Every structure is written in structure tokens, then in C-alpha cells.
$ cat data-v2.tsv   # TSV, C-alpha atoms
chain	number	residue	atom	x	y	z
A	1	MET	CA	0.00	0.00	0.00
A	2	ARG	CA	2.45	2.64	-1.19
A	3	PHE	CA	-0.14	5.44	-1.55
A	4	LEU	CA	-0.59	5.63	2.26
A	5	ARG	CA	3.00	6.67	2.74
A	6	ARG	CA	4.32	10.21	2.50
A	7	SER	CA	6.90	10.66	-0.17
A	8	THR	CA	10.22	12.22	0.64
A	9	THR	CA	9.70	14.96	-1.96
A	10	ASP	CA	6.46	16.09	-0.26
A	11	THR	CA	8.17	16.18	3.11
A	12	ALA	CA	11.00	18.30	1.73
A	13	ALA	CA	8.51	20.71	0.16
A	14	GLU	CA	6.67	21.24	3.46
A	15	GLU	CA	9.83	22.02	5.43
A	16	PRO	CA	10.64	25.77	5.60
A	17	GLU	CA	13.79	27.06	4.05
A	18	LYS	CA	16.66	27.40	6.45
A	19	THR	CA	19.50	29.83	6.10
A	20	GLU	CA	22.66	28.11	7.01
A	21	ALA	CA	26.11	29.54	7.42
A	22	VAL	CA	28.40	28.39	4.67
A	23	ASP	CA	32.07	28.01	5.25
A	24	VAL	CA	33.79	30.16	2.63
A	25	GLY	CA	37.55	30.32	2.77
A	26	GLY	CA	37.67	29.05	6.34
A	27	LYS	CA	35.29	31.77	7.63
A	28	ALA	CA	31.60	31.57	8.38
A	29	TYR	CA	29.52	33.39	5.78
A	30	THR	CA	25.85	34.26	6.17
A	31	PRO	CA	23.89	35.12	3.03
A	32	GLY	CA	22.56	38.66	2.77
A	33	LYS	CA	19.10	39.78	3.84
A	34	GLY	CA	18.12	40.70	0.32
A	35	LYS	CA	18.17	44.50	0.86
A	36	ALA	CA	20.76	47.11	1.68
A	37	THR	CA	21.19	48.32	5.24
A	38	PRO	CA	19.92	51.93	5.48
A	39	LYS	CA	22.47	54.63	6.20
A	40	ARG	CA	22.59	56.25	9.61
A	41	ARG	CA	21.55	59.69	8.39
A	42	ASP	CA	18.62	58.19	6.46
A	43	ALA	CA	17.46	56.33	9.56
A	44	GLU	CA	17.74	59.48	11.68
A	45	ALA	CA	15.86	61.52	9.11
A	46	LYS	CA	13.14	58.88	9.05
A	47	ARG	CA	12.81	59.09	12.83
A	48	ARG	CA	12.65	62.89	12.76
A	49	GLY	CA	10.06	62.91	10.06
A	50	PRO	CA	9.89	64.88	6.79
A	51	VAL	CA	11.72	68.22	6.55
A	52	ALA	CA	9.45	71.23	6.26
A	53	PRO	CA	9.68	73.05	2.92
A	54	PRO	CA	11.16	76.58	2.92
A	55	PRO	CA	8.69	79.46	3.42
A	56	THR	CA	7.27	80.90	0.22
A	57	THR	CA	5.92	84.18	1.62
A	58	MET	CA	7.10	86.76	4.13
A	59	ARG	CA	4.09	86.07	6.35
A	60	GLU	CA	4.91	82.37	6.45
A	61	ALA	CA	8.55	83.13	7.32
A	62	MET	CA	7.49	85.46	10.15
A	63	LYS	CA	5.11	82.84	11.48
A	64	ARG	CA	7.82	80.19	11.44
A	65	ASN	CA	10.28	82.51	13.21
A	66	LYS	CA	7.66	83.15	15.86
A	67	GLU	CA	7.23	79.41	16.41
A	68	LEU	CA	10.99	78.94	16.65
A	69	ARG	CA	11.21	81.68	19.27
A	70	LYS	CA	8.52	79.97	21.30
A	71	ALA	CA	10.39	76.67	21.06
A	72	ASN	CA	13.66	78.36	22.02
A	73	PRO	CA	12.67	81.11	24.46
A	74	GLN	CA	15.11	83.99	24.70
A	75	SER	CA	14.44	87.46	26.02
A	76	LYS	CA	14.57	90.46	23.73
A	77	GLU	CA	17.29	91.97	25.90
A	78	ASP	CA	19.48	88.89	25.38
A	79	ARG	CA	19.04	89.08	21.61
A	80	ARG	CA	19.90	92.77	21.60
A	81	ALA	CA	22.94	92.16	23.77
A	82	ALA	CA	24.14	89.38	21.44
A	83	ALA	CA	23.61	91.57	18.36
A	84	LYS	CA	25.46	94.48	20.01
A	85	LEU	CA	28.35	92.19	20.90
A	86	ARG	CA	28.63	90.96	17.31
A	87	ARG	CA	28.56	94.51	15.92
A	88	ASP	CA	31.12	95.79	18.44
A	89	ARG	CA	33.52	92.95	17.67
A	90	MET	CA	33.03	93.47	13.94
A	91	MET	CA	33.71	97.20	14.23
A	92	ALA	CA	36.82	96.41	16.27
A	93	GLY	CA	38.15	94.21	13.45
A	94	ASP	CA	37.80	90.79	15.08
A	95	ASP	CA	38.23	88.22	12.29
A	96	LYS	CA	35.69	85.91	13.88
A	97	TYR	CA	32.89	88.45	13.40
A	98	LEU	CA	33.99	90.06	10.13
A	99	LEU	CA	32.45	89.31	6.75
A	100	PRO	CA	34.47	86.87	4.61
A	101	ARG	CA	35.60	89.70	2.30
A	102	ASP	CA	37.21	91.55	5.24
A	103	ARG	CA	39.00	88.65	6.93
A	104	GLY	CA	42.70	87.96	7.02
A	105	PRO	CA	45.92	89.92	7.60
A	106	VAL	CA	46.12	90.98	3.95
A	107	LYS	CA	42.79	92.81	4.05
A	108	ALA	CA	43.67	94.33	7.42
A	109	TYR	CA	46.89	95.69	5.91
A	110	VAL	CA	45.00	97.14	2.94
A	111	ARG	CA	42.59	98.89	5.29
A	112	ASP	CA	45.50	100.38	7.23
A	113	LEU	CA	47.09	101.65	4.00
A	114	VAL	CA	43.84	103.31	2.96
A	115	ASP	CA	43.04	104.72	6.39
A	116	THR	CA	46.46	106.37	6.80
A	117	ARG	CA	46.07	108.33	3.55
A	118	ARG	CA	43.95	111.31	2.56
A	119	ASN	CA	42.17	110.65	-0.72
A	120	LEU	CA	39.78	112.55	-2.92
A	121	LEU	CA	37.74	109.35	-3.07
A	122	GLY	CA	36.53	110.18	0.42
A	123	LEU	CA	34.38	112.89	-1.19
A	124	PHE	CA	32.57	110.40	-3.41
A	125	MET	CA	29.42	110.11	-1.30
A	126	PRO	CA	29.14	113.86	-0.54
A	127	LEU	CA	29.61	114.49	-4.25
A	128	ALA	CA	26.72	112.16	-5.04
A	129	ILE	CA	24.52	114.19	-2.66
A	130	VAL	CA	25.58	117.41	-4.41
A	131	VAL	CA	24.62	115.95	-7.79
A	132	PHE	CA	21.20	114.95	-6.43
A	133	LEU	CA	20.61	118.44	-5.00
A	134	ALA	CA	21.71	120.01	-8.29
A	135	LEU	CA	18.86	118.23	-10.04
A	136	LEU	CA	16.42	120.07	-7.79
A	137	VAL	CA	17.71	123.49	-8.79
A	138	PRO	CA	15.33	125.02	-11.36
A	139	LEU	CA	18.14	126.91	-13.16
A	140	PRO	CA	19.50	124.91	-16.12
A	141	GLN	CA	22.75	126.93	-16.21
A	142	VAL	CA	23.53	126.07	-12.57
A	143	GLN	CA	22.73	122.43	-13.24
A	144	SER	CA	25.12	122.32	-16.19
A	145	TYR	CA	27.99	123.89	-14.21
A	146	ILE	CA	27.51	121.56	-11.25
A	147	THR	CA	27.24	118.53	-13.54
A	148	LEU	CA	30.44	119.50	-15.35
A	149	LEU	CA	32.29	120.02	-12.07
A	150	CYS	CA	31.10	116.70	-10.65
A	151	THR	CA	32.03	114.87	-13.84
A	152	ALA	CA	35.56	116.28	-13.68
A	153	MET	CA	35.91	115.30	-10.01
A	154	LEU	CA	34.65	111.80	-10.73
A	155	LEU	CA	37.25	111.43	-13.46
A	156	VAL	CA	40.01	112.56	-11.09
A	157	MET	CA	38.73	110.14	-8.42
A	158	ALA	CA	38.75	107.24	-10.87
A	159	ILE	CA	42.36	107.97	-11.87
A	160	GLU	CA	43.39	108.33	-8.23
A	161	GLY	CA	41.69	105.08	-7.29
A	162	PHE	CA	43.42	103.23	-10.15
A	163	VAL	CA	46.87	104.56	-9.21
A	164	ASN	CA	46.38	103.91	-5.50
A	165	GLY	CA	45.14	100.41	-6.22
A	166	ARG	CA	48.32	99.54	-8.11
A	167	LYS	CA	50.51	101.02	-5.38
A	168	ILE	CA	48.66	99.18	-2.63
A	169	ALA	CA	48.80	95.88	-4.52
A	170	LYS	CA	52.58	96.32	-4.89
A	171	LEU	CA	52.99	97.05	-1.16
A	172	VAL	CA	50.87	94.02	-0.28
A	173	ARG	CA	53.06	91.74	-2.42
A	174	GLU	CA	56.15	93.09	-0.69
A	175	ARG	CA	54.63	92.66	2.77
A	176	PHE	CA	53.20	89.18	2.09
A	177	PRO	CA	55.48	87.50	-0.46
A	178	LYS	CA	54.08	84.04	0.26
A	179	GLU	CA	50.48	85.08	-0.36
A	180	THR	CA	48.80	84.88	-3.75
A	181	VAL	CA	47.75	88.48	-4.35
A	182	ASN	CA	45.14	89.34	-6.99
A	183	GLY	CA	45.94	92.91	-8.01
A	184	ARG	CA	42.42	93.65	-9.30
A	185	SER	CA	40.74	92.31	-6.18
A	186	ILE	CA	43.06	94.23	-3.85
A	187	GLY	CA	42.72	97.41	-5.92
A	188	TRP	CA	38.93	97.22	-5.92
A	189	TYR	CA	38.86	96.53	-2.18
A	190	ALA	CA	41.05	99.59	-1.56
A	191	PHE	CA	38.89	101.68	-3.93
A	192	VAL	CA	35.67	100.79	-2.11
A	193	ARG	CA	37.26	101.43	1.29
A	194	ALA	CA	38.63	104.82	0.23
A	195	SER	CA	35.31	105.92	-1.31
A	196	GLN	CA	33.48	105.52	2.01
A	197	ILE	CA	33.20	108.27	4.58
A	198	ARG	CA	35.76	107.64	7.29
A	199	LYS	CA	33.22	107.48	10.12
A	200	LEU	CA	31.09	104.95	8.21
A	201	ARG	CA	33.88	102.49	7.38
A	202	VAL	CA	33.45	98.93	8.67
A	203	PRO	CA	35.49	97.90	10.55
A	204	LYS	CA	36.53	101.21	12.08
A	205	PRO	CA	39.95	102.60	11.13
A	206	ARG	CA	42.67	101.58	13.57
A	207	LEU	CA	45.03	104.35	12.46
A	208	LYS	CA	44.71	108.06	11.74
A	209	PRO	CA	45.89	109.78	8.55
A	210	GLY	CA	49.67	110.09	8.61
A	211	ASP	CA	50.23	107.40	11.26
A	212	PRO	CA	52.96	104.82	10.53
A	213	ILE	CA	51.76	101.29	9.87
A	214	PRO	CA	53.10	98.87	12.50
A	215	ASN	CA	55.14	95.92	11.32

$ encode --input "data-v2.tsv" --output "C-alpha cells"
Amino acid sequence: MRFLRRSTTDTAAEEPEKTEAVDVGGKAYTPGKGKATPKRRDAEAKRRGPVAPPPTTMREAMKRNKELRKANPQSKEDRRAAAKLRRDRMMAGDDKYLLPRDRGPVKAYVRDLVDTRRNLLGLFMPLAIVVFLALLVPLPQVQSYITLLCTAMLLVMAIEGFVNGRKIAKLVRERFPKETVNGRSIGWYAFVRASQIRKLRVPKPRLKPGDPIPN
């Protein structure tokens, strides 16, 4: 009565598959799980949840800032004190608080060179105010004279800025021979610094006109 017996093939089919360690090269080897292990940052991001999209309107940005302030409470006096500290350190020339364009000993040296000289470029902003006021004068003859005078001064300022930029770039190369100095970048930086009113320069001048530059 062979049909009452269970065949060996049926028994093998009913048994679940077993994952066994295979000895490969003398070391135990376990087959993979069939999928890649997720990275740590992906797992952390999954736990934190989806990242909120950036605000699309000013109102939404203000609302989100308000929520962040509630989550991280800080008094208005503390925020003002922190902002004042950052501005004071930036005006004092602390590299940690300066903008990237103003950092480094090379830029500090350029500022000292500009601040110790008297330049016509310092009249650039007052001259712009004079030009604006000239447009309000109802006399065409006065407007033409003022416009001609301002144009001549602007031309002289441009020539002075170009010459000073070349001189300052040469001095910077002599002072920092190991630094890669871009003459155009240094000249433009000196031009912008010289065209600003002395009291409005950031950071504040460390030296007065005529002072020797320390080594």
C-alpha cells in the first residue's frame, strides 16, 4: 500500500527554508538579507520625520520665526545684547565676526594703508549728494555747471583710485610675499574702502591719517 506513505519529496517541500552559514575560505559566511542596510543619516531623518519646505511668503517666514522663538525662548534683551556684541567685535576688526571679504591679515593691511592716507575718493558720497541736489535746482545753467564740475571730479577720483590700487597691490606683495595676491581684487577693495566716509567704514579705522603702519 504505497499510496498511504508520505513521499520524501512532499516532506522536503513542506519544510521551511533554512539559512545556514556556509564556510567560505575558512570563515563563516551568512547570506545577505536581500536588501541594503539603510544609512545612519537616512534612519535618523526617518525618525525625525519629513523636513518642512522653505517658506514661500514673508508672512509664512514670520510665522515660522515666531514658532521657533517659542520653542527656544530667549528674552529680547538677550538678543539685543548678542547683536550688540557681534557689531562691536566686527567694528573692532575681530576676524571671527567680520564678513568673509574683510578677513585675514592681507585685508587688514590694505585697510590700514587706505586709512592712513587722505584721498579725494573720500568725497565720493558727498559728491553724489551734491549731484542729487543740483537736479532740484530750477536753473538749467547752474545744473550744467555743477554737472560738469562733478564729472571732472569723478574722473580725477577714478584715476586716483586706479593709481592707489596699483601702489597698494605692490605694497601688499612686498609685505606678504608668500600670499597669492590678486591685483584687481586688492585694488577694488582699496577703492571701495577709500570711497566711504571715514566714520562709516566697517570695521573702524585703527590708524589716523599720517600714522605709521606697525610691522

$ closest_atom_pairs --input "data-v2.tsv" --of "region 84-169 of chain A" --to "region 184-197 of chain A" --cutoff "12 Å" --atoms "only C-alpha atoms" --output "Markdown table"
| residue | atom | partner | partner_atom | distance |
| --- | --- | --- | --- | --- |
| A:Arg101 | CA | A:Tyr189 | CA | 8.8 |
| A:Asp102 | CA | A:Tyr189 | CA | 9.1 |
| A:Val106 | CA | A:Ile186 | CA | 9.0 |
| A:Lys107 | CA | A:Ile186 | CA | 8.0 |
| A:Ala108 | CA | A:Ala190 | CA | 10.7 |
| A:Tyr109 | CA | A:Ala190 | CA | 10.3 |
| A:Val110 | CA | A:Ala190 | CA | 6.5 |
| A:Arg111 | CA | A:Ala190 | CA | 7.1 |
| A:Asp112 | CA | A:Ala190 | CA | 9.9 |
| A:Leu113 | CA | A:Ala190 | CA | 8.5 |
| A:Val114 | CA | A:Ala194 | CA | 6.1 |
| A:Asp115 | CA | A:Ala194 | CA | 7.6 |
| A:Thr116 | CA | A:Ala194 | CA | 10.3 |
| A:Arg117 | CA | A:Ala194 | CA | 8.9 |
| A:Arg118 | CA | A:Ala194 | CA | 8.7 |
| A:Asn119 | CA | A:Ala194 | CA | 6.9 |
| A:Leu120 | CA | A:Ser195 | CA | 8.2 |
| A:Leu121 | CA | A:Ser195 | CA | 4.6 |
| A:Gly122 | CA | A:Ser195 | CA | 4.8 |
| A:Leu123 | CA | A:Ser195 | CA | 7.0 |
| A:Phe124 | CA | A:Ser195 | CA | 5.7 |
| A:Met125 | CA | A:Gln196 | CA | 7.0 |
| A:Pro126 | CA | A:Ile197 | CA | 8.6 |
| A:Leu127 | CA | A:Ser195 | CA | 10.7 |
| A:Ala128 | CA | A:Ser195 | CA | 11.3 |
| A:Leu154 | CA | A:Ser195 | CA | 11.1 |
| A:Met157 | CA | A:Ser195 | CA | 8.9 |
| A:Ala158 | CA | A:Phe191 | CA | 8.9 |
| A:Ile159 | CA | A:Phe191 | CA | 10.7 |
| A:Glu160 | CA | A:Phe191 | CA | 9.1 |
| A:Gly161 | CA | A:Phe191 | CA | 5.5 |
| A:Phe162 | CA | A:Gly187 | CA | 7.2 |
| A:Val163 | CA | A:Gly187 | CA | 8.9 |
| A:Asn164 | CA | A:Gly187 | CA | 7.5 |
| A:Gly165 | CA | A:Gly187 | CA | 3.9 |
| A:Arg166 | CA | A:Gly187 | CA | 6.4 |
| A:Lys167 | CA | A:Gly187 | CA | 8.6 |
| A:Ile168 | CA | A:Gly187 | CA | 7.0 |
| A:Ala169 | CA | A:Ile186 | CA | 6.0 |

$ write_last_selection --input "data-v2.tsv" --atoms "C-alpha atoms" --output "PDB file, in the frame of the given file"
ATOM      1  CA  ARG A 101      35.600  89.700   2.300  1.00  0.00           C
ATOM      2  CA  ASP A 102      37.210  91.550   5.240  1.00  0.00           C
ATOM      3  CA  VAL A 106      46.120  90.980   3.950  1.00  0.00           C
ATOM      4  CA  LYS A 107      42.790  92.810   4.050  1.00  0.00           C
ATOM      5  CA  ALA A 108      43.670  94.330   7.420  1.00  0.00           C
ATOM      6  CA  TYR A 109      46.890  95.690   5.910  1.00  0.00           C
ATOM      7  CA  VAL A 110      45.000  97.140   2.940  1.00  0.00           C
ATOM      8  CA  ARG A 111      42.590  98.890   5.290  1.00  0.00           C
ATOM      9  CA  ASP A 112      45.500 100.380   7.230  1.00  0.00           C
ATOM     10  CA  LEU A 113      47.090 101.650   4.000  1.00  0.00           C
ATOM     11  CA  VAL A 114      43.840 103.310   2.960  1.00  0.00           C
ATOM     12  CA  ASP A 115      43.040 104.720   6.390  1.00  0.00           C
ATOM     13  CA  THR A 116      46.460 106.370   6.800  1.00  0.00           C
ATOM     14  CA  ARG A 117      46.070 108.330   3.550  1.00  0.00           C
ATOM     15  CA  ARG A 118      43.950 111.310   2.560  1.00  0.00           C
ATOM     16  CA  ASN A 119      42.170 110.650  -0.720  1.00  0.00           C
ATOM     17  CA  LEU A 120      39.780 112.550  -2.920  1.00  0.00           C
ATOM     18  CA  LEU A 121      37.740 109.350  -3.070  1.00  0.00           C
ATOM     19  CA  GLY A 122      36.530 110.180   0.420  1.00  0.00           C
ATOM     20  CA  LEU A 123      34.380 112.890  -1.190  1.00  0.00           C
ATOM     21  CA  PHE A 124      32.570 110.400  -3.410  1.00  0.00           C
ATOM     22  CA  MET A 125      29.420 110.110  -1.300  1.00  0.00           C
ATOM     23  CA  PRO A 126      29.140 113.860  -0.540  1.00  0.00           C
ATOM     24  CA  LEU A 127      29.610 114.490  -4.250  1.00  0.00           C
ATOM     25  CA  ALA A 128      26.720 112.160  -5.040  1.00  0.00           C
ATOM     26  CA  LEU A 154      34.650 111.800 -10.730  1.00  0.00           C
ATOM     27  CA  MET A 157      38.730 110.140  -8.420  1.00  0.00           C
ATOM     28  CA  ALA A 158      38.750 107.240 -10.870  1.00  0.00           C
ATOM     29  CA  ILE A 159      42.360 107.970 -11.870  1.00  0.00           C
ATOM     30  CA  GLU A 160      43.390 108.330  -8.230  1.00  0.00           C
ATOM     31  CA  GLY A 161      41.690 105.080  -7.290  1.00  0.00           C
ATOM     32  CA  PHE A 162      43.420 103.230 -10.150  1.00  0.00           C
ATOM     33  CA  VAL A 163      46.870 104.560  -9.210  1.00  0.00           C
ATOM     34  CA  ASN A 164      46.380 103.910  -5.500  1.00  0.00           C
ATOM     35  CA  GLY A 165      45.140 100.410  -6.220  1.00  0.00           C
ATOM     36  CA  ARG A 166      48.320  99.540  -8.110  1.00  0.00           C
ATOM     37  CA  LYS A 167      50.510 101.020  -5.380  1.00  0.00           C
ATOM     38  CA  ILE A 168      48.660  99.180  -2.630  1.00  0.00           C
ATOM     39  CA  ALA A 169      48.800  95.880  -4.520  1.00  0.00           C
TER      40      ALA A 169
END

$ residues_around --input "data-v2.tsv" --residues "region 131-138 of chain A" --least-positions-apart "5" --cutoff "10 Å" --atoms "all atoms listed in the file" --output "list in words"
Met125, Pro126, Gln143, Ser144, Tyr145, Ile146, Thr147, Leu149, Cys150 and Thr151 of chain A

$ atom_distance --input "data-v2.tsv" --atom1 "CA of Tyr97 (chain A)" --atom2 "CA of Pro214 (chain A)"
22.8 Å

$ atom_distance --input "data-v2.tsv" --atom1 "CA of Ala152 (chain A)" --atom2 "CA of Arg198 (chain A)"
22.7 Å

$ closest_residue --input "data-v2.tsv" --among "A:Lys170, A:Arg103, A:Arg201, A:Arg175" --to "Ile213 (chain A)" --atoms "all atoms listed in the file"
A:Arg175

$ atom_distance --input "data-v2.tsv" --atom1 "CA of Ala92 (chain A)" --atom2 "CA of Asn215 (chain A)"
19.0 Å
